[in-house]
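Report on the following structure.
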Amino acid sequence: MRISELRILRFSNPQILTSSNSHILTSQIPAVSISLRPVRLWTALALAGLLVASSACGRTLLRQYEYEEEVFLAVDGSATVIVNASVPALVALRGLDLDPNPRSRLDRRRVADAYASPATRVLRVSRPWRRDGRRFVQIRLEVDDVRRLAEAAPFAWATYRFDRVGEELTYRQTLGPSAGVRVEHAGWTGSELVAVRVHLPSRIRYHNVRRLEDRQPGHAERGNILTWEQRLSDRLDGAPLHAEARIESTSILSATLWIFAIATVAALSVVGGLIWWTVRKDRVKRRRAAIGH
């Protein structure tokens, strides 16, 4: 039987299943052949699509981080910030007064109070989830000026800059020393990572992202997302992390809306011109017909 075909046995008489020699009488069994070529083709296409998607989204597609700051930046300097972190990481890195024991109850109100400040508005603290025996939590907040983000105590280890230089906007973020709180029995293996991920609002002209494995230049994900990574052990030791990106001063959304508006005006102009030409042609025909009579 060829690999590309699957033979399915169909029995019309249960008595032919066995014989005195305890084997199947295959000569009495009709067979049906079903081609698996289409299935194999679709499977191959699906795998190829997955590989392409993984490549397009960058090496961080399947990354899991012990601590992650995700900044959704707007051209006016406002931002939505999402922190995904384990409770032990929040205690060790940022000194939050939380119980790292995975069996204890997480006080989400205490987490929200820690991130609240005159410059920040806490929108949500998620219910905790578990990974590798540790509890993780997500904090979502807003800030009108990303440069004031460090006024919230958990962000005070960093400086945030967002400045206009000529026709470009420059974003800089530098993480300094951590809180250095010792957490016993966190279950860390030394392979844990931390990350700063920034969703930039316009086309990127420069960035200093480096791949963690070989320190070679990294790439933007999905066009305008940059991720700077660091090992948790280095972050605990206070090794600095510098993030910098220069972007165009016009947001992608604004540019897209302008292009759409121009295209709409052009289309309406073409339609209007066709209507005018049709009406004029009809009038000319009527005039000539009237003169002929």
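So you can find residues: chains in the structure tokens are A, B, ... in the order shown, residues in each start at 1, and ligands are numbered from 1 in order.
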Exercise for review: Might you pull out every residue within 10 Å of Arg131 of chain A, with only C-alpha atoms counted and same-chain residues fewer than 2 positions away left off, and present them as a list in words?
Suggested key: Gln64, Glu66, Ser86, Trp129, Gly133, Arg134, Arg135 and Phe136 of chain A
Check your understanding: Do you know which residues are at most 9 Å from Tyr65 of chain A counting only C-alpha atoms, after dropping those on the same chain fewer than 5 positions away, and could you put them as a ChimeraX atom specification?
Key -> /A:84-86,192-195,232
Those same residues - N, CA and C atoms - I'd like them written as a PDB file, in the first residue's frame.
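The resulting out_34.pdb:
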ATOM      1  N   ASN A  84       2.755  43.152  33.007  1.00  0.00           N
ATOM      2  CA  ASN A  84       2.491  41.740  33.275  1.00  0.00           C
ATOM      3  C   ASN A  84       3.682  41.207  34.062  1.00  0.00           C
ATOM      4  N   ALA A  85       3.442  40.691  35.248  1.00  0.00           N
ATOM      5  CA  ALA A  85       4.562  40.280  36.089  1.00  0.00           C
ATOM      6  C   ALA A  85       4.118  39.240  37.097  1.00  0.00           C
ATOM      7  N   SER A  86       5.088  38.442  37.530  1.00  0.00           N
ATOM      8  CA  SER A  86       4.817  37.526  38.636  1.00  0.00           C
ATOM      9  C   SER A  86       4.857  38.315  39.941  1.00  0.00           C
ATOM     10  N   GLU A 192      14.731  33.003  33.292  1.00  0.00           N
ATOM     11  CA  GLU A 192      13.632  33.968  33.209  1.00  0.00           C
ATOM     12  C   GLU A 192      14.103  35.279  32.560  1.00  0.00           C
ATOM     13  N   LEU A 193      13.166  35.926  31.886  1.00  0.00           N
ATOM     14  CA  LEU A 193      13.452  37.150  31.151  1.00  0.00           C
ATOM     15  C   LEU A 193      12.552  38.286  31.612  1.00  0.00           C
ATOM     16  N   VAL A 194      13.031  39.504  31.422  1.00  0.00           N
ATOM     17  CA  VAL A 194      12.203  40.695  31.580  1.00  0.00           C
ATOM     18  C   VAL A 194      12.229  41.435  30.250  1.00  0.00           C
ATOM     19  N   ALA A 195      11.251  42.299  30.030  1.00  0.00           N
ATOM     20  CA  ALA A 195      11.164  42.986  28.739  1.00  0.00           C
ATOM     21  C   ALA A 195      10.498  44.338  28.892  1.00  0.00           C
ATOM     22  N   LEU A 232      16.444  38.139  33.857  1.00  0.00           N
ATOM     23  CA  LEU A 232      15.968  38.521  35.186  1.00  0.00           C
ATOM     24  C   LEU A 232      17.135  38.639  36.161  1.00  0.00           C
TER      25      LEU A 232
END
Check your understanding: Got a sec to tell me which of segment 68-262 of chain A DSSP assigns to helix (DSSP H, G or I), as an MDAnalysis selection string?
Key -> chainID A and resid 87:94 108:115 146:151 153:155 232:236 252:262
Practice item. Find, counting only C-alpha atoms, the residue in A:Leu169, A:Val71, A:Ala158, A:Ala89 that gets nearest to Thr227 of chain A. Key: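 Checking each candidate against Thr227 of chain A, we get A:Val71 as the closest.
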**Study point:** Filtered DSSP result for segment 18-250 of chain A, state strand (DSSP E), as a PyMOL selection string
**Key:** chain A and resi 31-35+67-73+79-86+120-125+129-131+134-143+158-165+168-175+193-199+204-207+225-231+241-248
